[in-house]
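**Student:** Right, I'll just put the structure down here and ask away after.
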Amino acid sequence: MKKQFVLLIFTCLLGVLNAQELKFAASVNKSKAVVDEQIRLTYSLNAMGNAFNQPDLSAFNLLMGPQQTYGVQQNPNGRSTQTMSFTYIISGKKPGKYTIQPASVRIGNGLIKSNTVEVEIVKGQNSNAQNQPSKGNSAAGGNDKTTGNDLFIKVTASKTNTIVGDQILVSYKLYSRYSQLNYELSKAPTFNGFYSEEIALGKNTNGQKETYNGQDYLTAEIKKVLLFPQKSGKLEIPPIELACVVRQRVQSQNIFDQMFGGGYRDVEVDLKSPTVTINVNSPDAIGKPANFNGAVGKLDYSLRLDRNSVKSGEAVNLKLVVSGRGNLKLLEPPILGLASELEVYDPQIVDNFSVSSGGMTGSRSFEYLIIPRAGGDFMIGPLSYSWYDPERSNWQSKTIQALKLSVAKSSGDQIAVGRGRNASAPKQLSEDILYIKVGETEFSKGSGSLFFLSIPFYLLSALSPLALIGFLLVKRRAQRRKSNIGEFRVKEAGSTASKRLKIAKTLLLKGDKNAFYEEIYRAIYGYLSDKLRLPVADLNRQKITELLSSGKVPDEISDRVFNTLDSCEFARFAPGAESGMNDIFEETSRIIRETENLLKP
Amino acid sequence: MRKFILIFFCLTSIAASALSPNSLFKDANQAYQKGDFQKSITLYEQIVRDHGVSSAELRYNLGNAYYRIADYPSAILNYERALIEDPSDREVLANLQIIRNKLEDKIEPMPELFYIRWFKATRNIFSTDVWAWLFILNFLGAAALWILYFQGRNSRNKKVGFYGGLTTIVFSILLFITAFSAWKNNYKTQRAVVFAGSISVKSAPVVSGNGLFIVHAGTTVTITDELGEWVRVRLEDGKEGWVILGDLEVI
């Protein structure tokens, strides 16, 4: 690219009154600038024109303009001409050489074009070529003359690190080195994430002199606001935008102007304040107490009852006053947790606080209307409240002593009302798990020690059927043995009888007649009893005959049995029949022997 | 030398007593009471790990400690383990209800027929072993009544023996079924708690299987089948699908 500076002059074609040339010149205050450095681009015309056609400035950041200014120029020939100029403040976006194309303006019927301007943008070592006031608390906009040092907005926040609910005083102040200044709010900030409370500006806030960075400024308070963060995190306080008009002195060649203090012109400047970031902590992060309900500040709580003894059904006023300096306006009515016999209405909130630069101070009171529905003594409280004191950076708490309310019973209908209320279920305040078990415990080794389906279990289960079976077996054996005794007697009947006969024989030899017959008698009856399975008591002659004949014993034998028995009986009571004893013995032995043979199985 | 040995024995016995399950349990409870839940968890887990023992109270307290540090899957796992030891513990059931409300998955159990519901409610009154003992006692009673019947000399004893014997036999069968059901439910049904944050339940035991639905940590599932590292699970509402065993913790 050739570096050239071409000045094109278009002369007016149609009726221009004077001999003076028409000049429409484009100029920049610097032809070489670093990126983001402000460049002033001026188109000046020594006549009055209209329909200014602006050049293509898309390669630049258009910071301001076009701004029209009008002036009167005294010519050497004594005549004065009106002049006008169009001013832009631009800055380069990227390094490089740029040619600004001509602008055009209409004068009368003719169109006049300006020259082109070459601008070189270089990479800046210090892109902050403008003098920015320190700390980033203020920034500036303006044209070449109204640099950041001459006109800027300063934002001050009373704190930049705080907690949800704390109050932050933010003030926007305009600093100016110009004596004449008009401004207008073009864009008010919206405070997202904050509750904001505007503070009325005082009367004497404008035009105060202040020294800042060693320079004297006139200051004006633009806006003061009290902000209460409503959420944690990094919250931004957005910028405020001002449209200012400043009166600038212009260097004039005119000797009169210089003599009378020079020429002035009004320049419009758009100002934007810097953004301030506030770091807001969450109350959870710094260990909020359980009874914290959002109160932050230097506070105090008090509780008062308007009277201590009432009749049931009469209203009592309970006043809870929170006073001090803090987020009073954001306080919610606290839960009192009163007995259900006390009917509590939603509290009336009475505010008595003011908002000033000192913060929100005063008190907020919650007035509860309480109607006791039953008689008795009720305790209100003790109530405990916690709040965060940002000045001391700690949690404060206060426990208010319980207040006693004595309620006397009144007429029955009100008690009935009270009873209806009492029936409501207790309110569930929150849900939490039950507490751990702190008593003794019995440890076991997992499922390995399970009793069900273990060997002892099987053994014990088998015990019942085994016991039953065992019992039945024992019972059966006993029964069998019982029946065996009968068999045995049948079997042994013969030998028992012969034993008896042997005794009878010895008695016979001794000659003991009575005992002998007795023994014979027994031998026969015993034998028949055993053999026929009949108790001796049940034996009679008919039965004996029946049973013997059914056992295939001929009647002849039973007749012989009866004969023998008769002979025995006869002989026992008839004296002197010793000889018959031997016969009877023989006969009895024969009968038993024969019957034994006959009844053999 | 002898003195030294004596001292040594004293010291070891003190050390041993300090680490007994019961004293560890007390220490853990104290840590919980002081609010040091992490420490109490460490101590409770130490009892299980070092001594291989457990109890319903231990599992319950451990579940509470995990709840306090918001480790809900671990809390559920321990509450479920407490229920195996004592299926009718009302505190465990209450806490499980609260913790389930905090989970992401709200699974409505399938409605059951009333008699199944009654049976399950009855079964959960006692642990498996209590049912087993009741069965044994009842069965012994049945044998005694039958003996009375066989041995009875008068008709009243025989009547008592006969009808009592029949009734107790029926009761024994019912008690055995209950004990068996409790045993199967507590020890033979493999249940598991989802530990991974959220898992996609697949239609087939392959990674590329279609995702059927998503379950989140803390959900309790029943394992119905196994195939390698995959298990087939059933949710309480009857939905089934395959997941990787590593995402679960078996109760």
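Each chain in the structure tokens gets a letter, A, B and so on, in the order shown; residues start at 1 in every chain, and ligands are counted from 1 in the order they appear.
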Set the cut-off to 7 Å and count only C-alpha atoms: what are the residues of chain B that reach chain A? Output as a PyMOL selection string.
**Tutor:** chain B and resi 29+52-55+57+61+64+91+95+98+128-129+132+136+139-140+143+147
**Student:** Take the selection from the previous step and output its residues with C-alpha atoms, as a PDB file, in the first residue's frame.
**Tutor:**
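Dumped to out-v8.pdb:
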ATOM      1  CA  ASN B  29     -22.864 -45.004  68.960  1.00  0.00           C
ATOM      2  CA  GLY B  52     -17.634 -61.111  60.963  1.00  0.00           C
ATOM      3  CA  VAL B  53     -20.665 -60.494  63.136  1.00  0.00           C
ATOM      4  CA  SER B  54     -23.722 -58.405  62.669  1.00  0.00           C
ATOM      5  CA  SER B  55     -26.996 -57.546  64.342  1.00  0.00           C
ATOM      6  CA  GLU B  57     -29.313 -52.865  65.720  1.00  0.00           C
ATOM      7  CA  ASN B  61     -27.500 -47.619  63.234  1.00  0.00           C
ATOM      8  CA  ASN B  64     -28.777 -44.048  60.015  1.00  0.00           C
ATOM      9  CA  GLU B  91     -38.012 -48.171  63.203  1.00  0.00           C
ATOM     10  CA  ASN B  95     -36.706 -44.888  58.129  1.00  0.00           C
ATOM     11  CA  ILE B  98     -38.490 -41.689  54.673  1.00  0.00           C
ATOM     12  CA  THR B 128     -37.267 -67.214  60.081  1.00  0.00           C
ATOM     13  CA  ASP B 129     -35.904 -68.867  63.211  1.00  0.00           C
ATOM     14  CA  ALA B 132     -38.998 -72.488  62.871  1.00  0.00           C
ATOM     15  CA  ILE B 136     -41.060 -77.339  66.334  1.00  0.00           C
ATOM     16  CA  PHE B 139     -45.225 -80.248  66.172  1.00  0.00           C
ATOM     17  CA  LEU B 140     -44.158 -81.562  69.564  1.00  0.00           C
ATOM     18  CA  ALA B 143     -47.331 -85.576  69.102  1.00  0.00           C
ATOM     19  CA  ILE B 147     -50.321 -89.766  72.604  1.00  0.00           C
TER      20      ILE B 147
END
**Student:** Identify, on the basis of only C-alpha atoms, every residue whose closest approach to Arg49 in chain B does not exceed 12 Å; exclude the query and any residue fewer than 6 positions from it along the same chain; express the result as JSON, numbers by chain.
**Tutor:** {"A": [445, 446], "B": [21, 24, 41, 42, 43]}
**Student:** Those same residues - C-alpha atoms - I'd like them written as an mmCIF file, in the first residue's frame.
**Tutor:**
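Result file follows (result.cif):
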data_model
loop_
_atom_site.group_PDB
_atom_site.id
_atom_site.type_symbol
_atom_site.label_atom_id
_atom_site.label_comp_id
_atom_site.auth_asym_id
_atom_site.auth_seq_id
_atom_site.Cartn_x
_atom_site.Cartn_y
_atom_site.Cartn_z
ATOM 1 C CA LYS A 445 -22.480 -64.641 62.630
ATOM 2 C CA GLY A 446 -24.520 -63.961 59.587
ATOM 3 C CA PRO B 21 -17.746 -55.942 69.047
ATOM 4 C CA LEU B 24 -16.799 -50.963 69.276
ATOM 5 C CA ILE B 41 -19.511 -45.536 60.027
ATOM 6 C CA THR B 42 -15.859 -46.572 60.191
ATOM 7 C CA LEU B 43 -16.388 -48.201 63.585
#
**Student:** Check range 294-485 of chain A with DSSP on the backbone and list each residue it calls helix (DSSP H, G or I), as a VMD selection string.
**Tutor:** chain A and resid 328 to 330 412 to 422 446 to 449 455 to 485
**Student:** Give me the residues near Pro205 in chain B as number ranges by chain, where near means some atom within 8 Å (using only C-alpha atoms) and where sequence neighbours in that chain fewer than 5 positions away do not count.
**Tutor:** B: 227, 230-232, 242-243
**Student:** For a test of reading the model, state the distance in Å between CA of Arg522 in chain A and CA of Leu548 in chain A, rounded to one decimal.
**Tutor:**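 Here the two named atoms are 18.0 Å from each other.
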**Student:** Which one of A:Thr588, A:Thr595, A:Ser558, A:Ser114 sits closest to Ile520 in chain A if you count only C-alpha atoms?
**Tutor:**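 Of the candidates, the smallest distance to Ile520 in chain A is held by A:Thr588.
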**Student:** Can you list, as a list in words, every protein, DNA or RNA residue that comes within 10 Å of Val536 in chain A when you count only C-alpha atoms, leaving out same-chain residues fewer than 6 positions away?
**Tutor:** Arg522, Tyr525, Gly526, Tyr527, Leu528, Ser529 and Asp530 of chain A
**Student:** Neighbours of Val407 in chain A within 6 Å (only C-alpha atoms; same-chain residues fewer than 3 positions away dropped), as JSON, numbers by chain?
**Tutor:** {"A": [309, 310, 311, 312, 375, 376, 377]}
**Student:** Using only C-alpha atoms, find the one residue out of B:Ala204, B:Leu212, B:Ala142, B:Val92 that sits nearest to Ile173 in chain B.
**Tutor:**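 Going through B:Ala204, B:Leu212, B:Ala142, B:Val92 one by one, the smallest distance to Ile173 in chain B is for B:Ala142.
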**Student:** Write out as a PyMOL selection string each polymer residue whose atoms come within 9 Å of Thr189 in chain B, counting only C-alpha atoms; drop sequence neighbours fewer than 4 positions from it.
**Tutor:** chain B and resi 183-185+222-224
